[in-house]
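What follows is the content of coords-v9.txt (compact mmCIF, C-alpha atoms).
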```
# COMPACT_ATOMS: atom_id res chain seq x y z
CA MET J 676 0.00 0.00 0.00
CA SER J 677 1.54 3.29 -1.14
CA THR J 678 0.94 7.02 -1.37
CA ILE J 679 0.82 8.45 -4.89
CA LEU J 680 0.85 11.99 -6.29
CA VAL J 681 -0.84 12.60 -9.66
CA ILE J 682 -0.15 15.81 -11.60
CA GLY J 683 -2.81 16.98 -14.07
CA ALA J 684 -6.61 16.96 -14.02
CA GLY J 685 -7.81 16.17 -17.54
CA GLY J 686 -9.75 13.14 -18.74
CA VAL J 687 -6.76 10.75 -18.55
CA SER J 688 -6.05 11.83 -15.00
CA SER J 689 -9.68 11.39 -14.07
CA VAL J 690 -9.66 7.79 -15.34
CA ALA J 691 -6.33 6.99 -13.69
CA VAL J 692 -7.40 8.39 -10.31
CA HIS J 693 -10.74 6.56 -10.44
CA LYS J 694 -8.97 3.29 -11.23
CA MET J 695 -6.39 3.89 -8.49
CA ALA J 696 -9.21 4.36 -6.01
CA MET J 697 -10.71 1.07 -7.21
CA ASN J 698 -7.40 -0.61 -6.33
CA ALA J 699 -6.96 0.71 -2.81
CA GLU J 700 -4.87 -2.31 -1.83
CA ILE J 701 -2.11 -0.81 -4.02
CA PHE J 702 -2.92 2.92 -3.87
CA SER J 703 -3.61 3.58 -0.20
CA ALA J 704 -3.51 7.38 -0.41
CA ILE J 705 -4.14 9.41 -3.58
CA HIS J 706 -3.11 13.04 -3.97
CA LEU J 707 -4.06 15.08 -7.06
CA ALA J 708 -2.68 18.46 -8.15
CA SER J 709 -3.01 20.75 -11.16
CA ARG J 710 -2.93 24.40 -12.12
CA THR J 711 -6.74 24.53 -11.67
CA LYS J 712 -7.66 23.09 -8.29
CA SER J 713 -11.38 23.10 -9.09
CA LYS J 714 -10.77 20.42 -11.73
CA CYS J 715 -9.02 18.29 -9.11
CA ASP J 716 -11.91 18.85 -6.72
CA ALA J 717 -14.44 17.72 -9.33
CA ILE J 718 -12.49 14.49 -9.89
CA ALA J 719 -12.26 13.96 -6.14
CA VAL J 720 -16.03 14.33 -5.77
CA SER J 721 -16.66 11.81 -8.55
CA VAL J 722 -14.18 9.35 -7.05
CA LYS J 723 -15.81 9.66 -3.62
CA GLU J 724 -19.27 9.06 -5.09
CA ARG J 725 -18.18 6.07 -7.19
CA THR J 726 -15.71 4.35 -4.86
CA GLY J 727 -16.00 5.89 -1.40
CA GLN J 728 -12.27 6.73 -1.47
CA ASP J 729 -10.90 10.17 -0.59
CA VAL J 730 -8.57 12.14 -2.88
CA ALA J 731 -6.55 15.09 -1.51
CA THR J 732 -6.29 18.02 -3.96
CA TYR J 733 -3.81 20.85 -4.49
CA GLU J 734 -3.08 23.77 -6.81
CA ILE J 735 0.30 23.61 -8.50
CA ASP J 736 2.15 25.02 -11.51
CA ALA J 737 4.03 21.94 -12.70
CA GLU J 738 6.64 24.10 -14.44
CA GLU J 739 7.66 25.69 -11.13
CA VAL J 740 10.25 23.21 -9.90
CA PRO J 741 10.68 24.60 -6.36
CA ALA J 742 6.92 24.54 -5.81
CA MET J 743 6.76 21.00 -7.15
CA VAL J 744 9.58 19.92 -4.83
CA ASN J 745 7.78 21.47 -1.86
CA LEU J 746 4.55 19.65 -2.74
CA ILE J 747 6.35 16.31 -3.18
CA ARG J 748 8.05 16.70 0.19
CA ARG J 749 4.75 17.65 1.80
CA VAL J 750 2.87 14.65 0.36
CA GLN J 751 5.81 12.18 0.53
CA PRO J 752 4.58 9.91 -2.28
CA LYS J 753 6.35 6.76 -3.40
CA LEU J 754 5.65 7.75 -7.01
CA VAL J 755 4.80 10.93 -8.94
CA VAL J 756 2.52 10.28 -11.94
CA ASN J 757 2.76 13.00 -14.57
CA LEU J 758 -0.54 13.26 -16.46
CA ALA J 759 -0.05 16.94 -17.30
CA LEU J 760 1.10 18.33 -20.68
CA PRO J 761 4.20 16.92 -22.43
CA TYR J 762 5.85 20.36 -22.13
CA GLN J 763 5.99 19.78 -18.38
CA ASP J 764 7.80 16.43 -18.39
CA LEU J 765 11.27 17.82 -17.78
CA PRO J 766 10.45 20.18 -14.89
CA ILE J 767 8.51 17.40 -13.16
CA MET J 768 11.46 15.06 -13.66
CA ASP J 769 13.73 17.76 -12.22
CA ALA J 770 11.48 18.00 -9.17
CA CYS J 771 11.49 14.22 -8.71
CA LEU J 772 15.27 14.20 -8.88
CA GLU J 773 15.58 16.90 -6.24
CA ALA J 774 12.99 15.25 -3.99
CA GLY J 775 14.30 11.72 -4.57
CA VAL J 776 11.06 10.08 -5.74
CA ASP J 777 10.14 7.78 -8.67
CA TYR J 778 8.50 9.25 -11.79
CA LEU J 779 6.02 8.02 -14.44
CA ASP J 780 4.40 9.64 -17.49
CA THR J 781 2.30 8.70 -20.53
CA ALA J 782 3.84 10.83 -23.30
CA ASN J 783 7.35 12.01 -24.06
CA TYR J 784 8.62 15.55 -23.81
CA GLU J 785 8.10 18.10 -26.54
CA PRO J 786 9.12 21.78 -26.46
CA LYS J 787 6.40 24.40 -26.56
CA ASP J 788 7.77 26.16 -29.61
CA GLN J 789 8.37 23.11 -31.82
CA ALA J 790 6.10 20.20 -32.72
CA LYS J 791 8.84 17.65 -32.17
CA PHE J 792 8.33 14.88 -29.66
CA GLU J 793 11.32 12.63 -29.09
CA TYR J 794 12.76 10.66 -26.19
CA HIS J 795 16.33 11.98 -26.25
CA TRP J 796 15.56 14.80 -23.82
CA GLN J 797 14.31 12.32 -21.22
CA TRP J 798 16.81 9.55 -22.00
CA ALA J 799 19.50 12.11 -21.13
CA TYR J 800 18.25 11.94 -17.51
CA HIS J 801 19.20 8.26 -17.13
CA ASP J 802 22.50 8.71 -15.32
CA ARG J 803 21.11 11.29 -12.91
CA PHE J 804 18.14 9.08 -12.01
CA LYS J 805 20.48 6.11 -11.60
CA GLN J 806 22.80 8.07 -9.34
CA ALA J 807 19.81 9.22 -7.28
CA ALA J 808 18.70 5.53 -7.00
CA ILE J 809 15.24 6.34 -8.36
CA MET J 810 13.27 5.22 -11.40
CA ALA J 811 11.53 6.99 -14.27
CA LEU J 812 9.06 4.96 -16.36
CA LEU J 813 8.26 6.67 -19.67
CA GLY J 814 5.16 6.36 -21.84
CA SER J 815 2.77 4.28 -19.72
CA GLY J 816 -0.34 5.07 -21.74
CA PHE J 817 -1.85 3.03 -24.56
CA ASP J 818 0.13 4.33 -27.50
CA PRO J 819 2.80 4.78 -26.35
CA GLY J 820 2.61 2.18 -23.62
CA VAL J 821 0.34 -0.81 -24.16
CA THR J 822 1.34 -1.04 -27.82
CA SER J 823 4.98 -1.54 -26.81
CA VAL J 824 3.97 -4.10 -24.19
CA PHE J 825 1.88 -5.88 -26.85
CA ALA J 826 4.97 -6.10 -29.08
CA MET J 827 7.17 -7.43 -26.28
CA TRP J 828 4.52 -9.99 -25.26
CA LEU J 829 4.51 -11.25 -28.84
CA LYS J 830 8.30 -11.42 -28.81
CA LYS J 831 8.26 -13.36 -25.54
CA HIS J 832 5.48 -15.80 -26.39
CA LYS J 833 5.05 -15.98 -30.19
CA LEU J 834 7.93 -14.54 -32.20
CA LYS J 835 11.68 -15.05 -31.89
CA THR J 836 12.21 -11.87 -33.89
CA ILE J 837 9.95 -9.06 -35.09
CA ARG J 838 10.78 -8.06 -38.63
CA ARG J 839 7.81 -5.82 -39.41
CA LEU J 840 5.44 -4.08 -37.04
CA ASP J 841 2.37 -1.92 -37.56
CA ILE J 842 0.45 -0.11 -34.82
CA LEU J 843 -3.19 0.53 -35.73
CA ASP J 844 -5.16 3.06 -33.66
CA CYS J 845 -8.85 3.34 -34.50
CA ASN J 846 -11.37 5.50 -32.67
CA GLY J 847 -14.78 4.57 -34.03
CA GLY J 848 -16.60 6.81 -31.56
CA ASP J 849 -19.10 9.50 -32.51
CA HIS J 850 -19.47 12.46 -30.12
CA GLY J 851 -21.98 14.42 -32.19
CA GLN J 852 -19.73 17.50 -32.59
CA SER J 853 -18.83 19.04 -35.94
CA PHE J 854 -15.18 19.16 -34.87
CA ALA J 855 -13.61 18.16 -31.57
CA THR J 856 -10.57 16.24 -30.35
CA ASN J 857 -10.80 13.32 -27.95
CA PHE J 858 -7.78 14.46 -25.95
CA ASN J 859 -6.03 17.80 -25.41
CA PRO J 860 -6.68 19.73 -28.67
CA GLU J 861 -3.29 21.43 -28.66
CA ILE J 862 -1.37 18.15 -28.36
CA ASN J 863 -3.70 16.30 -30.74
CA ILE J 864 -3.44 18.84 -33.54
CA ARG J 865 0.34 19.24 -33.13
CA GLU J 866 0.71 15.47 -33.57
CA VAL J 867 -1.61 15.24 -36.57
CA THR J 868 -0.13 18.17 -38.47
CA ALA J 869 3.52 17.15 -37.92
CA PRO J 870 5.30 15.32 -40.78
CA ALA J 871 4.82 11.55 -40.74
CA ARG J 872 7.84 9.36 -40.06
CA HIS J 873 8.30 5.61 -40.01
CA TRP J 874 11.29 3.34 -39.38
CA GLU J 875 12.59 1.41 -42.37
CA ASN J 876 15.91 -0.37 -42.92
CA GLY J 877 17.70 1.39 -40.10
CA GLU J 878 16.60 4.96 -40.78
CA TRP J 879 13.66 7.32 -40.52
CA VAL J 880 11.59 7.92 -43.65
CA GLU J 881 9.63 11.18 -43.62
CA THR J 882 6.49 11.95 -45.60
CA PRO J 883 4.11 14.94 -45.53
CA ALA J 884 1.45 14.87 -42.83
CA MET J 885 -1.69 12.88 -43.71
CA SER J 886 -0.36 12.05 -47.19
CA VAL J 887 -0.37 8.23 -46.87
CA LYS J 888 -3.80 6.62 -46.43
CA GLN J 889 -4.96 3.00 -46.22
CA GLY J 890 -8.31 1.37 -45.59
CA PHE J 891 -8.71 -1.27 -42.87
CA ASP J 892 -11.67 -3.19 -41.48
CA PHE J 893 -11.55 -2.90 -37.69
CA GLU J 894 -13.35 -5.47 -35.55
CA GLY J 895 -16.16 -3.82 -33.59
CA VAL J 896 -15.94 -0.64 -35.67
CA GLY J 897 -15.96 -1.51 -39.37
CA PRO J 898 -14.02 -0.17 -42.38
CA LYS J 899 -12.08 3.04 -41.70
CA ASN J 900 -9.46 5.16 -43.41
CA MET J 901 -6.22 5.32 -41.45
CA TYR J 902 -3.27 7.63 -42.00
CA LEU J 903 0.45 7.12 -41.54
CA MET J 904 1.77 9.24 -38.66
CA TYR J 905 4.78 9.50 -36.40
CA HIS J 906 4.34 8.35 -32.81
CA GLU J 907 6.95 8.15 -30.09
CA GLU J 908 6.77 4.41 -29.46
CA LEU J 909 8.30 3.91 -32.90
CA GLU J 910 11.48 5.46 -31.52
CA SER J 911 11.66 3.23 -28.45
CA LEU J 912 10.66 0.10 -30.40
CA ALA J 913 13.41 0.76 -32.95
CA ARG J 914 15.85 1.00 -30.04
CA PHE J 915 14.75 -2.03 -28.05
CA VAL J 916 13.79 -4.33 -30.96
CA PRO J 917 16.97 -3.90 -33.00
CA GLU J 918 16.02 -6.47 -35.67
CA LEU J 919 13.06 -4.34 -36.80
CA GLU J 920 13.16 -3.75 -40.53
CA ARG J 921 10.03 -1.61 -40.65
CA ALA J 922 7.78 -0.05 -38.01
CA ARG J 923 4.77 2.16 -38.78
CA PHE J 924 2.00 3.90 -36.85
CA TRP J 925 -1.50 4.39 -38.29
CA MET J 926 -4.44 6.39 -36.90
CA THR J 927 -7.99 6.69 -38.21
CA PHE J 928 -9.66 10.01 -38.98
CA GLY J 929 -13.10 10.68 -40.44
CA ASP J 930 -13.64 12.82 -43.51
CA GLU J 931 -15.26 15.60 -41.44
CA TYR J 932 -12.23 15.79 -39.13
CA ILE J 933 -9.87 16.00 -42.11
CA LYS J 934 -12.03 18.68 -43.76
CA HIS J 935 -12.16 20.89 -40.68
CA LEU J 936 -8.47 20.43 -39.90
CA THR J 937 -7.52 21.35 -43.48
CA VAL J 938 -9.49 24.59 -43.25
CA LEU J 939 -7.97 25.43 -39.86
CA GLN J 940 -4.48 24.84 -41.25
CA ASN J 941 -5.18 26.92 -44.34
CA VAL J 942 -6.28 29.94 -42.28
CA GLY J 943 -3.35 29.65 -39.85
CA MET J 944 -5.24 28.49 -36.74
CA THR J 945 -2.90 25.51 -36.16
CA ARG J 946 0.24 27.68 -35.97
CA ILE J 947 2.34 27.39 -32.81
CA ASP J 948 4.36 30.56 -33.35
CA PRO J 949 3.03 33.80 -31.81
CA VAL J 950 1.04 36.37 -33.77
CA MET J 951 0.14 39.86 -32.60
CA TYR J 952 -3.51 40.42 -31.68
CA GLU J 953 -4.67 43.73 -30.18
CA GLY J 954 -1.16 44.61 -29.17
CA ARG J 955 -0.15 41.34 -27.53
CA PRO J 956 1.19 38.02 -28.79
CA ILE J 957 -1.05 34.97 -28.87
CA ILE J 958 -0.49 31.41 -30.11
CA PRO J 959 -3.25 30.58 -32.64
CA LEU J 960 -3.38 26.89 -31.68
CA GLN J 961 -3.77 27.78 -28.00
CA PHE J 962 -6.63 30.14 -28.88
CA LEU J 963 -8.22 27.37 -30.94
CA LYS J 964 -7.96 25.03 -27.97
CA ALA J 965 -9.89 27.56 -25.87
CA VAL J 966 -12.87 27.60 -28.24
CA LEU J 967 -13.05 23.87 -29.02
CA PRO J 968 -15.10 21.52 -26.82
CA GLU J 969 -13.29 20.34 -23.70
CA PRO J 970 -12.43 16.65 -24.33
CA SER J 971 -13.59 15.67 -20.84
CA SER J 972 -17.07 17.01 -21.74
CA LEU J 973 -17.52 14.50 -24.58
CA GLY J 974 -17.94 11.41 -22.44
CA SER J 975 -21.70 11.60 -22.01
CA THR J 976 -22.36 11.91 -25.76
CA THR J 977 -19.74 9.61 -27.27
CA LYS J 978 -20.90 6.25 -28.58
CA GLY J 979 -19.02 3.50 -30.36
CA LYS J 980 -15.72 1.71 -29.79
CA THR J 981 -11.98 2.10 -30.03
CA ASN J 982 -9.79 -0.64 -31.49
CA ILE J 983 -6.03 -0.34 -30.91
CA GLY J 984 -3.58 -3.09 -31.71
CA VAL J 985 -0.27 -4.32 -33.10
CA ILE J 986 0.35 -6.50 -36.15
CA ALA J 987 3.80 -8.10 -36.08
CA THR J 988 5.58 -10.38 -38.52
CA GLY J 989 8.71 -12.37 -37.76
CA GLU J 990 10.28 -15.75 -37.11
CA ALA J 991 8.00 -17.89 -34.97
CA LEU J 992 9.25 -19.26 -31.66
CA ASP J 993 7.80 -22.70 -32.45
CA GLY J 994 10.02 -23.13 -35.49
CA SER J 995 7.19 -22.86 -38.02
CA GLY J 996 8.91 -20.13 -40.02
CA GLU J 997 7.66 -16.60 -40.61
CA GLN J 998 4.31 -15.87 -38.96
CA THR J 999 2.09 -12.83 -38.40
CA PHE J 1000 0.14 -12.10 -35.23
CA TYR J 1001 -2.46 -9.41 -34.43
CA ILE J 1002 -2.91 -8.43 -30.78
CA LYS J 1003 -5.49 -5.79 -29.85
CA ASN J 1004 -7.94 -4.29 -27.38
CA ILE J 1005 -11.48 -3.09 -28.15
CA CYS J 1006 -12.94 -0.57 -25.71
CA ASP J 1007 -16.53 0.71 -25.58
CA HIS J 1008 -17.03 4.46 -25.05
CA GLU J 1009 -20.30 4.07 -23.16
CA GLU J 1010 -18.94 1.36 -20.86
CA ALA J 1011 -15.90 3.51 -20.08
CA PHE J 1012 -18.16 6.45 -19.26
CA ALA J 1013 -20.39 4.33 -17.03
CA GLU J 1014 -17.39 3.21 -14.98
CA THR J 1015 -15.36 6.42 -14.68
CA GLY J 1016 -17.35 9.28 -16.23
CA ASN J 1017 -14.91 9.52 -19.17
CA GLN J 1018 -14.93 8.36 -22.80
CA ALA J 1019 -12.78 5.53 -24.12
CA VAL J 1020 -9.88 7.62 -25.46
CA SER J 1021 -9.20 8.87 -21.93
CA TYR J 1022 -9.94 5.42 -20.52
CA THR J 1023 -7.46 3.62 -22.77
CA THR J 1024 -4.69 5.97 -21.60
CA GLY J 1025 -5.70 6.38 -17.96
CA VAL J 1026 -6.00 2.66 -17.18
CA PRO J 1027 -2.44 1.88 -18.42
CA ALA J 1028 -1.16 4.85 -16.40
CA MET J 1029 -2.65 3.20 -13.32
CA ILE J 1030 -1.26 -0.22 -14.27
CA GLY J 1031 2.22 1.15 -14.91
CA SER J 1032 2.05 2.86 -11.52
CA ALA J 1033 1.04 -0.46 -9.96
CA MET J 1034 4.02 -2.16 -11.62
CA VAL J 1035 6.35 0.34 -9.92
CA LEU J 1036 4.64 0.41 -6.53
CA THR J 1037 4.36 -3.37 -6.19
CA GLY J 1038 7.93 -3.98 -7.35
CA ALA J 1039 6.85 -5.98 -10.40
CA TRP J 1040 9.03 -3.60 -12.44
CA THR J 1041 12.15 -2.21 -10.77
CA GLY J 1042 15.23 -0.30 -11.82
CA LYS J 1043 17.38 2.74 -11.22
CA GLY J 1044 17.44 5.18 -14.10
CA VAL J 1045 15.12 6.07 -17.00
CA PHE J 1046 13.25 3.20 -18.65
CA ASN J 1047 10.78 2.52 -21.45
CA MET J 1048 8.00 -0.06 -21.35
CA GLU J 1049 9.87 -2.43 -23.69
CA GLU J 1050 12.56 -3.06 -21.05
CA PHE J 1051 10.33 -4.98 -18.61
CA ASP J 1052 8.55 -8.32 -18.43
CA PRO J 1053 5.23 -7.79 -20.25
CA ASP J 1054 3.32 -10.54 -18.43
CA PRO J 1055 2.27 -8.80 -15.18
CA PHE J 1056 1.18 -5.70 -17.10
CA MET J 1057 -0.79 -7.82 -19.58
CA ASP J 1058 -2.44 -9.70 -16.73
CA MET J 1059 -3.68 -6.43 -15.20
CA LEU J 1060 -5.04 -5.22 -18.54
CA ASN J 1061 -7.37 -8.22 -18.50
CA THR J 1062 -8.63 -7.53 -14.97
CA GLN J 1063 -8.78 -3.72 -15.12
CA GLY J 1064 -11.08 -3.08 -18.08
CA LEU J 1065 -8.84 -3.43 -21.16
CA PRO J 1066 -8.95 -7.13 -22.10
CA TRP J 1067 -6.91 -8.14 -25.13
CA THR J 1068 -7.02 -10.85 -27.76
CA VAL J 1069 -4.34 -12.32 -30.03
CA GLU J 1070 -4.84 -14.10 -33.33
CA GLN J 1071 -2.60 -15.50 -36.02
CA LEU J 1072 -3.10 -13.99 -39.46
CA SER J 1073 -2.70 -15.94 -42.67
CA ALA J 1074 -0.29 -13.38 -44.12
CA PRO J 1075 1.40 -10.06 -43.35
CA LEU J 1076 -0.30 -6.78 -44.24
CA GLU J 1077 -0.38 -6.28 -48.00
CA PHE J 1078 0.52 -2.61 -47.84
```
Can you give me the file's structure in the form of structure tokens?
Amino acid sequence: MSTILVIGAGGVSSVAVHKMAMNAEIFSAIHLASRTKSKCDAIAVSVKERTGQDVATYEIDAEEVPAMVNLIRRVQPKLVVNLALPYQDLPIMDACLEAGVDYLDTANYEPKDQAKFEYHWQWAYHDRFKQAAIMALLGSGFDPGVTSVFAMWLKKHKLKTIRRLDILDCNGGDHGQSFATNFNPEINIREVTAPARHWENGEWVETPAMSVKQGFDFEGVGPKNMYLMYHEELESLARFVPELERARFWMTFGDEYIKHLTVLQNVGMTRIDPVMYEGRPIIPLQFLKAVLPEPSSLGSTTKGKTNIGVIATGEALDGSGEQTFYIKNICDHEEAFAETGNQAVSYTTGVPAMIGSAMVLTGAWTGKGVFNMEEFDPDPFMDMLNTQGLPWTVEQLSAPLEF
């Protein structure tokens, strides 16, 4: 039983805190802090109503390292779970280093002024975390996170090597809005509008954003168009699965989303550089975020399912030659909302954040330094997915993907 401190109060945080409260034998005391304390308070009220567990709340600016250090020392958690914005990863890691406490996040660092999300900034902290005898676990969401664990489970149980790997992320939910994002609009749009990159033959291949499209029939959802994108787990998979010849990430988008996003790009609303408005600088994308629907408000209206999985091809462990396996989870938006008050996109990230935290707190995963999900035994994490609302299935395909 351990004390935990969660930073951030969006939909992912709400799911993670609810699920932590449902596992009180691991998370004995939950503390929640964000820039807006009222959001923390609302989550605490929901958790109390649904589980009977108390959540202590605080106001904090996660970019203020001294304030973060003071809060950590006041709470004395065994683990700090960063569910704030990716811009805040490094200051929270700095605070954990100074306070001497383990760290976990769900998305890698990216600077505010550049849509470039890579692990090298956080990997550079490895020696300092090792010297401080503490652990940082990076990317414990779904993608990144579960998708990497899926790949390593296949490598442990089905494939001796993974030659080709495709991550397929489908959100088949309908929230009834003309245009909205299912997680933080600023982060979502930065990811979607960045150039696509995939790993092939030992190097990165870059293509224009949203320029490569394929159709795929997703179980529980149906046929969808999916687009080649860059996602950070490709970087860690290329590092920890060195035999990979090709690794790609695909995400589905509806025609209406693409149409609206194209217009917003054309008129400059997705820019992340400042423009002058009435005598002061503003960031157009941040203004756009302010007028779009809050993702956490979409839970009550979203219907349908998500389907996220990994298709891997390589040499089979049983000696049967090259084989292809498809491992995936299907999550229902309405069921996620009934359990935690949040839609499935938040649920599929918040539950793995809780499970990753449980891996650290229970000692199932241990280490001193900075680690990615691929570096640990996948089995205990996979077992908890099955018991905590994200059951998975694996099937053997007759052939690799044709495209």
Margin query: Every residue with an atom at most 8 Å from (6.5, 14.5, -45.6) (file coordinates; all atoms listed in the file) is what I'm after, so could you write them as a VMD selection string?
Written below: chain J and resid 870 to 872 881 to 884 886
- [ ] For region 959-966 of chain J, please output as a list of chain:residue names all residues within 9 Å (counting all atoms listed in the file; exclusion window: fewer than 2 positions along the same chain).
- [x] J:Asn859, J:Pro860, J:Glu861, J:Ile864, J:Arg865, J:Gly943, J:Met944, J:Thr945, J:Arg946, J:Ile947, J:Asp948, J:Pro949, J:Val950, J:Ile957, J:Pro968, J:Glu969
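If all atoms listed in the file are the atoms counted, then among J:Ile718, J:Ile842, J:Met743, J:Ile705 the closest residue to Val824 (chain J) is J:Ile842.
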Check: If you count all atoms listed in the file, which residues fall within 10 Å of Leu919 (chain J), apart from same-chain ones fewer than 6 positions away, as a PyMOL selection string?
Finding: chain J and resi 836-840+874-877+912-913+988-989
What residues have an atom no more than 7 Å from (-0.1, 1.5, -19.7) in the file's own frame, counting only C-alpha atoms, and can you write them as a PDB file with C-alpha atoms, in the frame of the given file?
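Written output follows (selection-v9.pdb):
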```
ATOM      1  CA  SER J 815       2.770   4.280 -19.720  1.00  0.00           C
ATOM      2  CA  GLY J 816      -0.340   5.070 -21.740  1.00  0.00           C
ATOM      3  CA  PHE J 817      -1.850   3.030 -24.560  1.00  0.00           C
ATOM      4  CA  GLY J 820       2.610   2.180 -23.620  1.00  0.00           C
ATOM      5  CA  VAL J 821       0.340  -0.810 -24.160  1.00  0.00           C
ATOM      6  CA  THR J1024      -4.690   5.970 -21.600  1.00  0.00           C
ATOM      7  CA  VAL J1026      -6.000   2.660 -17.180  1.00  0.00           C
ATOM      8  CA  PRO J1027      -2.440   1.880 -18.420  1.00  0.00           C
ATOM      9  CA  ALA J1028      -1.160   4.850 -16.400  1.00  0.00           C
ATOM     10  CA  ILE J1030      -1.260  -0.220 -14.270  1.00  0.00           C
ATOM     11  CA  GLY J1031       2.220   1.150 -14.910  1.00  0.00           C
TER      12      GLY J1031
END
```
Would you list the contacts of Met1034 (chain J) as a PDB file with C-alpha atoms, keeping the file's coordinate frame, taking every protein, DNA or RNA residue within 12 Å and counting all atoms listed in the file, but skipping same-chain residues closer than 2 positions in sequence?
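Heads up, here's the output in around-v3.pdb:
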```pdb
ATOM      1  CA  ILE J 701      -2.110  -0.810  -4.020  1.00  0.00           C
ATOM      2  CA  PHE J 702      -2.920   2.920  -3.870  1.00  0.00           C
ATOM      3  CA  LEU J 754       5.650   7.750  -7.010  1.00  0.00           C
ATOM      4  CA  LEU J 779       6.020   8.020 -14.440  1.00  0.00           C
ATOM      5  CA  MET J 810      13.270   5.220 -11.400  1.00  0.00           C
ATOM      6  CA  LEU J 812       9.060   4.960 -16.360  1.00  0.00           C
ATOM      7  CA  SER J 815       2.770   4.280 -19.720  1.00  0.00           C
ATOM      8  CA  PRO J1027      -2.440   1.880 -18.420  1.00  0.00           C
ATOM      9  CA  ALA J1028      -1.160   4.850 -16.400  1.00  0.00           C
ATOM     10  CA  MET J1029      -2.650   3.200 -13.320  1.00  0.00           C
ATOM     11  CA  ILE J1030      -1.260  -0.220 -14.270  1.00  0.00           C
ATOM     12  CA  GLY J1031       2.220   1.150 -14.910  1.00  0.00           C
ATOM     13  CA  SER J1032       2.050   2.860 -11.520  1.00  0.00           C
ATOM     14  CA  LEU J1036       4.640   0.410  -6.530  1.00  0.00           C
ATOM     15  CA  THR J1037       4.360  -3.370  -6.190  1.00  0.00           C
ATOM     16  CA  GLY J1038       7.930  -3.980  -7.350  1.00  0.00           C
ATOM     17  CA  ALA J1039       6.850  -5.980 -10.400  1.00  0.00           C
ATOM     18  CA  TRP J1040       9.030  -3.600 -12.440  1.00  0.00           C
ATOM     19  CA  THR J1041      12.150  -2.210 -10.770  1.00  0.00           C
ATOM     20  CA  GLY J1042      15.230  -0.300 -11.820  1.00  0.00           C
ATOM     21  CA  MET J1048       8.000  -0.060 -21.350  1.00  0.00           C
ATOM     22  CA  PHE J1051      10.330  -4.980 -18.610  1.00  0.00           C
ATOM     23  CA  ASP J1052       8.550  -8.320 -18.430  1.00  0.00           C
ATOM     24  CA  PRO J1053       5.230  -7.790 -20.250  1.00  0.00           C
ATOM     25  CA  ASP J1054       3.320 -10.540 -18.430  1.00  0.00           C
ATOM     26  CA  PRO J1055       2.270  -8.800 -15.180  1.00  0.00           C
ATOM     27  CA  PHE J1056       1.180  -5.700 -17.100  1.00  0.00           C
ATOM     28  CA  MET J1057      -0.790  -7.820 -19.580  1.00  0.00           C
ATOM     29  CA  ASP J1058      -2.440  -9.700 -16.730  1.00  0.00           C
ATOM     30  CA  MET J1059      -3.680  -6.430 -15.200  1.00  0.00           C
ATOM     31  CA  LEU J1060      -5.040  -5.220 -18.540  1.00  0.00           C
TER      32      LEU J1060
END
```
Restricting to all atoms listed in the file, whichever of J:Tyr902, J:His801, J:Ser689, J:Pro956 is closest to Ile933 (chain J) is J:Tyr902
Nearest to Asp930 (chain J), restricted to only C-alpha atoms and choosing among J:Arg955, J:Lys899, J:Arg710, J:Lys805, comes out as J:Lys899
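Note that the spacing between CA of Glu920 (chain J) and CA of Tyr905 (chain J) amounts to 16.2 Å.
If you look at CA of His706 (chain J) and CA of Thr1023 (chain J), they are 21.5 Å away from each other.
Residue nearest Arg921 (chain J), chosen from J:Gly979, J:Ile986, J:Ile958, J:Trp798 and counting all atoms listed in the file: J:Ile986.
Distances here use only C-alpha atoms; by that measure, the residue among J:Cys1006, J:Ala811, J:Leu829, J:Tyr1001 closest to Val896 (chain J) is J:Cys1006.
For region 759-776 of chain J, the residues within 6 Å (counting only C-alpha atoms, excluding itself and residues fewer than 4 positions away along the chain) are J:Ile682, J:Gly683, J:Glu738, J:Val740, J:Met743, J:Val744, J:Tyr784, J:Glu785, J:Pro786.
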Any chance you can output those residues with C-alpha atoms as a PDB file, keeping the file's coordinate frame?
```pdb
ATOM      1  CA  ILE J 682      -0.150  15.810 -11.600  1.00  0.00           C
ATOM      2  CA  GLY J 683      -2.810  16.980 -14.070  1.00  0.00           C
ATOM      3  CA  GLU J 738       6.640  24.100 -14.440  1.00  0.00           C
ATOM      4  CA  VAL J 740      10.250  23.210  -9.900  1.00  0.00           C
ATOM      5  CA  MET J 743       6.760  21.000  -7.150  1.00  0.00           C
ATOM      6  CA  VAL J 744       9.580  19.920  -4.830  1.00  0.00           C
ATOM      7  CA  TYR J 784       8.620  15.550 -23.810  1.00  0.00           C
ATOM      8  CA  GLU J 785       8.100  18.100 -26.540  1.00  0.00           C
ATOM      9  CA  PRO J 786       9.120  21.780 -26.460  1.00  0.00           C
TER      10      PRO J 786
END
```
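For the set J:Leu834, J:Val880, J:Val690, J:Ala799, the residue with the smallest atom-to-atom gap to Asp993 (chain J) is J:Leu834, counting only C-alpha atoms.
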